[in-house]
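Source file work.txt; content: compact mmCIF, C-alpha atoms.
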```txt
# COMPACT_ATOMS: atom_id res chain seq x y z
CA MET A 1 76.27 113.36 140.27
CA ASP A 2 78.22 110.16 139.61
CA ILE A 3 78.77 107.97 142.67
CA CYS A 4 82.54 108.26 142.09
CA GLU A 5 82.30 112.07 142.40
CA ALA A 6 80.16 112.18 145.51
CA ALA A 7 82.11 113.45 148.51
CA SER A 8 78.93 112.78 150.49
CA PHE A 9 75.29 112.12 149.72
CA GLU A 10 74.26 115.71 150.39
CA ARG A 11 70.60 116.08 149.44
CA GLU A 12 70.23 119.85 149.30
CA LYS A 13 71.16 122.26 146.53
CA ILE A 14 73.89 123.90 148.59
CA ASN A 15 77.35 122.84 147.38
CA ARG A 16 75.85 121.44 144.20
CA HIS A 17 77.81 122.53 141.15
CA PRO A 18 76.00 125.17 139.03
CA TRP A 19 76.54 122.97 135.95
CA GLU A 20 74.61 120.15 137.64
CA LEU A 21 71.77 122.47 138.69
CA ALA A 22 71.60 124.07 135.25
CA ARG A 23 71.50 120.65 133.56
CA ILE A 24 68.47 119.78 135.70
CA GLU A 25 66.74 122.87 134.31
CA VAL A 26 67.59 121.72 130.79
CA VAL A 27 66.14 118.27 131.52
CA LYS A 28 62.98 119.90 132.88
CA ASN A 29 62.68 121.78 129.61
CA PHE A 30 62.83 118.46 127.74
CA LEU A 31 60.44 116.70 130.13
CA THR A 32 57.73 119.33 130.59
CA PRO A 33 55.99 118.88 127.20
CA ILE A 34 56.10 115.09 127.65
CA ILE A 35 54.64 115.20 131.16
CA ALA A 36 52.04 117.78 130.10
CA GLN A 37 50.51 115.02 127.96
CA LYS A 38 50.74 112.41 130.73
CA PRO A 39 51.29 113.79 134.26
CA ALA A 40 51.54 110.27 135.75
CA THR A 41 54.61 109.56 133.64
CA THR A 42 56.89 106.66 134.62
CA ILE A 43 60.54 107.71 134.36
CA LEU A 44 63.59 105.44 134.41
CA ASP A 45 66.72 107.30 135.48
CA LEU A 46 69.37 104.89 134.23
CA GLY A 47 72.83 105.51 135.66
CA CYS A 48 71.19 107.78 138.21
CA GLY A 49 74.22 108.38 140.45
CA ASP A 50 73.29 109.76 143.85
CA VAL A 51 69.59 110.26 142.89
CA PHE A 52 69.77 114.05 143.33
CA VAL A 53 68.40 114.63 139.82
CA ALA A 54 65.41 112.32 140.36
CA GLN A 55 64.73 113.99 143.71
CA GLN A 56 64.63 117.46 142.16
CA LEU A 57 62.46 116.25 139.28
CA ALA A 58 60.07 114.55 141.72
CA TYR A 59 59.53 117.93 143.40
CA GLN A 60 58.71 119.44 139.99
CA TYR A 61 56.53 116.56 138.77
CA PRO A 62 54.85 115.13 141.89
CA ILE A 63 52.54 112.76 139.99
CA ALA A 64 55.38 111.13 138.05
CA THR A 65 57.04 107.92 139.25
CA PHE A 66 60.82 107.50 139.22
CA HIS A 67 62.75 104.25 138.97
CA CYS A 68 66.46 104.88 139.58
CA VAL A 69 69.04 102.31 138.48
CA ASP A 70 72.79 102.42 138.99
CA ILE A 71 75.19 99.47 138.88
CA ALA A 72 77.33 101.22 141.51
CA PHE A 73 74.57 100.77 144.08
CA THR A 74 75.36 98.51 147.00
CA PRO A 75 72.85 97.63 149.73
CA GLU A 76 74.63 100.16 151.97
CA ILE A 77 74.44 102.95 149.37
CA ILE A 78 70.78 102.21 148.67
CA SER A 79 70.03 102.34 152.40
CA THR A 80 71.80 105.69 152.72
CA ILE A 81 70.24 107.27 149.64
CA SER A 82 66.72 105.96 150.10
CA GLU A 83 66.16 107.47 153.55
CA PRO A 84 65.97 111.15 152.45
CA VAL A 85 63.68 110.32 149.48
CA LYS A 86 61.43 107.79 151.23
CA ASN A 87 58.40 110.10 150.95
CA LEU A 88 58.91 110.66 147.23
CA PRO A 89 57.78 108.36 144.39
CA ILE A 90 61.35 107.12 143.88
CA SER A 91 62.50 103.49 143.91
CA LEU A 92 66.12 102.31 143.67
CA TYR A 93 67.59 99.29 141.87
CA SER A 94 71.08 98.02 141.14
CA SER A 95 70.18 96.60 137.70
CA THR A 96 67.55 96.87 134.97
CA GLN A 97 66.83 93.17 135.45
CA GLU A 98 65.90 93.84 139.07
CA LEU A 99 63.62 96.65 137.91
CA ASN A 100 62.11 94.48 135.18
CA ASN A 101 61.17 91.90 137.79
CA SER A 102 59.41 94.57 139.84
CA ILE A 103 57.23 96.36 137.29
CA SER A 104 54.76 95.21 134.66
CA ASN A 105 54.26 98.33 132.55
CA LYS A 106 56.66 99.95 130.11
CA VAL A 107 58.37 103.15 131.19
CA ASP A 108 57.41 106.37 129.43
CA VAL A 109 60.78 108.12 129.61
CA VAL A 110 64.36 106.96 130.03
CA LEU A 111 66.97 109.43 131.26
CA LEU A 112 70.58 108.70 130.31
CA LEU A 113 72.22 111.82 131.66
CA ASP A 114 75.96 111.77 131.02
CA VAL A 115 76.02 107.98 131.26
CA ILE A 116 76.96 106.31 127.98
CA GLU A 117 80.37 107.98 127.77
CA HIS A 118 81.30 105.84 130.80
CA ILE A 119 80.56 102.60 128.92
CA GLU A 120 83.26 101.13 126.70
CA ASP A 121 80.77 99.39 124.38
CA GLU A 122 77.81 101.72 124.66
CA ILE A 123 76.19 100.40 121.47
CA THR A 124 75.73 96.98 123.07
CA PHE A 125 74.45 98.68 126.23
CA LEU A 126 71.89 100.63 124.19
CA LYS A 127 70.87 97.49 122.30
CA GLU A 128 70.29 95.75 125.63
CA LEU A 129 68.11 98.66 126.75
CA ASN A 130 66.20 98.43 123.47
CA GLN A 131 65.57 94.73 124.02
CA SER A 132 65.09 94.89 127.81
CA GLY A 133 61.30 94.80 127.76
CA LEU A 134 61.25 98.03 129.77
CA ILE A 135 60.51 100.28 126.79
CA ASP A 136 58.37 100.33 123.67
CA ASN A 137 58.11 102.56 120.62
CA ASN A 138 56.28 105.22 122.64
CA THR A 139 59.10 105.59 125.18
CA LYS A 140 61.17 108.75 124.93
CA ILE A 141 64.90 108.39 125.58
CA ILE A 142 66.61 111.60 126.73
CA ILE A 143 70.39 111.41 126.43
CA THR A 144 73.07 113.95 127.35
CA VAL A 145 76.80 113.43 126.78
CA PRO A 146 79.98 115.55 126.83
CA ALA A 147 80.72 117.11 123.46
CA TYR A 148 83.74 117.05 121.15
CA GLN A 149 86.48 114.46 121.35
CA GLN A 150 89.04 117.22 120.73
CA LEU A 151 88.28 118.43 124.27
CA PHE A 152 89.03 115.06 125.89
CA SER A 153 91.20 115.89 128.91
CA ASN A 154 92.43 114.69 132.28
CA HIS A 155 89.00 115.57 133.64
CA ASP A 156 87.49 112.93 131.34
CA VAL A 157 90.11 110.42 132.48
CA TYR A 158 89.28 111.19 136.12
CA LEU A 159 85.58 110.61 135.41
CA LYS A 160 86.37 107.36 133.55
CA HIS A 161 85.02 108.60 130.24
CA PHE A 162 85.79 106.56 127.13
CA ARG A 163 84.85 109.26 124.65
CA ARG A 164 83.17 112.56 123.94
CA TYR A 165 80.59 113.00 121.18
CA ASN A 166 79.39 115.15 118.36
CA ILE A 167 75.85 114.95 116.95
CA ALA A 168 76.89 112.73 114.04
CA LEU A 169 78.62 110.17 116.28
CA LEU A 170 75.77 110.13 118.80
CA ASN A 171 73.16 109.67 116.08
CA ASP A 172 75.21 106.92 114.42
CA HIS A 173 75.61 104.92 117.63
CA LEU A 174 71.93 105.34 118.47
CA GLN A 175 70.96 104.15 115.01
CA GLN A 176 73.18 101.08 115.35
CA ALA A 177 71.38 100.29 118.61
CA GLY A 178 67.95 100.60 117.02
CA PHE A 179 67.02 104.15 118.05
CA LYS A 180 66.20 107.19 115.94
CA SER A 181 66.83 110.74 117.12
CA GLN A 182 63.90 113.10 116.93
CA GLN A 183 65.76 116.08 118.30
CA THR A 184 69.48 116.70 118.73
CA GLY A 185 71.71 119.59 119.57
CA TYR A 186 74.32 121.07 121.86
CA PHE A 187 73.99 123.23 124.94
CA PHE A 188 76.16 125.32 127.26
CA PHE A 189 77.85 127.28 124.50
CA SER A 190 79.42 129.63 127.05
CA LEU A 191 81.24 126.78 128.83
CA LEU A 192 82.84 125.62 125.60
CA PHE A 193 85.41 128.41 125.65
CA LEU A 194 86.27 127.74 129.30
CA ARG A 195 86.90 124.07 128.56
CA ILE A 196 89.08 124.97 125.55
CA ILE A 197 91.19 127.21 127.79
CA GLN A 198 91.32 124.50 130.46
CA LYS A 199 92.48 122.00 127.85
CA LEU A 200 95.23 124.36 126.70
CA LEU A 201 96.39 124.99 130.27
CA GLN A 202 96.27 121.34 131.24
CA GLY A 203 99.89 120.77 130.39
CA ASN A 204 101.36 117.71 132.06
CA LYS A 205 98.99 117.57 135.01
CA THR A 206 98.02 114.10 136.12
CA ILE A 207 94.53 112.91 136.90
CA ASP A 208 95.43 113.05 140.59
CA THR A 209 95.05 116.84 140.42
CA GLU A 210 91.52 116.60 139.01
CA LYS A 211 88.43 116.99 141.15
CA GLY A 212 84.85 116.08 140.33
CA ILE A 213 81.83 118.26 140.97
CA GLY A 214 81.41 116.53 144.34
CA ALA A 215 84.25 118.71 145.67
CA TYR A 216 82.42 121.93 144.77
CA GLN A 217 81.87 124.49 147.53
CA SER A 218 78.98 126.92 147.26
CA LYS A 219 79.74 130.48 146.15
CA GLY A 220 76.39 131.81 147.37
CA TRP A 221 74.58 134.17 145.01
CA ILE A 222 77.23 133.54 142.34
CA ASP A 223 75.90 129.98 142.01
CA THR A 224 72.38 131.27 141.31
CA PHE A 225 73.75 133.71 138.76
CA MET A 226 75.73 130.95 137.04
CA VAL A 227 72.74 128.57 136.93
CA ASN A 228 70.52 131.27 135.43
CA THR A 229 73.23 132.23 132.94
CA LEU A 230 73.72 128.64 131.80
CA TYR A 231 70.01 128.04 131.43
CA PHE A 232 69.69 131.26 129.43
CA ASP A 233 72.59 129.96 127.32
CA PHE A 234 70.53 126.80 126.65
CA LEU A 235 67.45 128.85 125.70
CA ILE A 236 69.50 130.90 123.24
CA GLY A 237 70.71 127.68 121.62
CA LYS A 238 67.14 126.39 121.50
CA PHE A 239 65.98 129.59 119.79
CA PHE A 240 68.68 129.31 117.13
CA SER A 241 67.87 125.62 116.58
CA VAL A 242 64.32 126.62 115.63
CA LEU A 243 65.93 128.74 112.92
CA GLY A 244 67.93 125.73 111.74
CA ILE A 245 71.18 126.88 113.35
CA LYS A 246 72.86 124.50 115.82
CA LEU A 247 75.21 126.38 118.10
CA PRO A 248 78.09 124.33 119.53
CA GLY A 249 78.25 123.60 123.25
CA LEU A 250 80.05 121.65 125.94
CA SER A 251 77.23 119.09 126.05
CA CYS A 252 75.40 117.21 123.33
CA PHE A 253 71.88 115.76 123.58
CA SER A 254 69.41 113.54 121.79
CA ILE A 255 65.74 112.86 122.37
CA CYS A 256 65.09 109.59 120.60
CA GLN A 257 62.78 106.57 120.33
CA GLN A 258 62.93 103.03 119.05
CA GLN A 259 63.20 102.82 115.29
CA PRO A 260 59.94 101.59 113.75
CA SER A 261 60.18 97.91 112.82
```
Would you mind writing the file's structure down as structure tokens?
Amino acid sequence: MDICEAASFEREKINRHPWELARIEVVKNFLTPIIAQKPATTILDLGCGDVFVAQQLAYQYPIATFHCVDIAFTPEIISTISEPVKNLPISLYSSTQELNNSISNKVDVVLLLDVIEHIEDEITFLKELNQSGLIDNNTKIIITVPAYQQLFSNHDVYLKHFRRYNIALLNDHLQQAGFKSQQTGYFFFSLLFLRIIQKLLQGNKTIDTEKGIGAYQSKGWIDTFMVNTLYFDFLIGKFFSVLGIKLPGLSCFSICQQQPS
């Protein structure tokens, strides 16, 4: 969850939005084959927000190491967030430069989970990551972003998004930054229709009426049903992608690496 959406730094799954929990399952699906080859994987969660994602992944992959970076971190926020995860292999930094000064090895995986849409010049940001010294041509970059500019709404304004993406735009911007996608696609097909309806009903509402996922209140067993449904939605899309069919979805992703020199 973005820092700007966090009503509190609640560490448990209760009151976590089903979309957020389902996206973690999607990320696990991407990560599992990578970590199967190297269980002691070093993961950089860049734009990590409140560190909930890294915490859940650390439970799943206990031998992996997580470096979490977010420019919104203040000493006070770091102190608050670090206490509940102090027994996990998670370290927190307010910049990649700070991280670079603290580690000597390259990271194996970079997570950019719904991050680059918040950056006005994301190509320069990605170029800086490419040249940061934190990664090499073996590093996997896992990126998720909101899909389809036509669906840009007050919700995007509230979240301070600059854009939404399709596969072509995401691949083009990655290529300009020196990365090459190995796998791309969309996920959460079922949410696409809900967002279209939301866009149509938006009318003249202002961003003051929008709420982030931090305001979500648990619906009990309905949350579990929604998470399972969304993950099944992702698996259906993955099955069709094997057949060469890319279903649309509310989110877009790329798994990429540095372009060979």
Checklist entry - Between A:Leu247, A:Leu111, A:Ala72, A:Leu129, which is the closest to Val145 in chain A once you count all atoms listed in the file? => result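 For Val145 in chain A, the nearest of the given residues is A:Leu111.
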Checklist entry - Hey, can you check how far CA of Asn154 in chain A sits from CA of Arg195 in chain A? => result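 Interatomic distance, CA of Asn154 in chain A to CA of Arg195 in chain A: 11.5 Å.
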Checklist entry - Of the candidates A:Glu117, A:Asn137, A:Leu126, A:Gln198, which one gets nearest to Arg163 in chain A if we count only C-alpha atoms? => result A:Glu117
Checklist entry - Any idea what's packed within 8 Å of Ser153 in chain A, counting all atoms listed in the file, ignoring anything in its chain fewer than 4 positions away? Could you give it as an MDAnalysis selection string? => result chainID A and resid 157 199 202
Next on the checklist: Between A:Phe253, A:Val107, A:Lys140, A:Phe225, which residue has the minimum interatomic distance to Tyr165 in chain A, considering only C-alpha atoms?
Outcome noted: A:Phe253
Item to check | Expected answer as a PyMOL selection string: all residues with atoms within 10 Å of (71.0, 109.9, 135.2), all atoms listed in the file | outcome: chain A and resi 1-2+44-54+68-70+110-115+142-144
Checklist entry - In Å, with one decimal, what is the gap from CA of Ile71 in chain A to CA of Asp136 in chain A? => result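 One can read the CA of Ile71 in chain A to CA of Asp136 in chain A distance as 22.7 Å.
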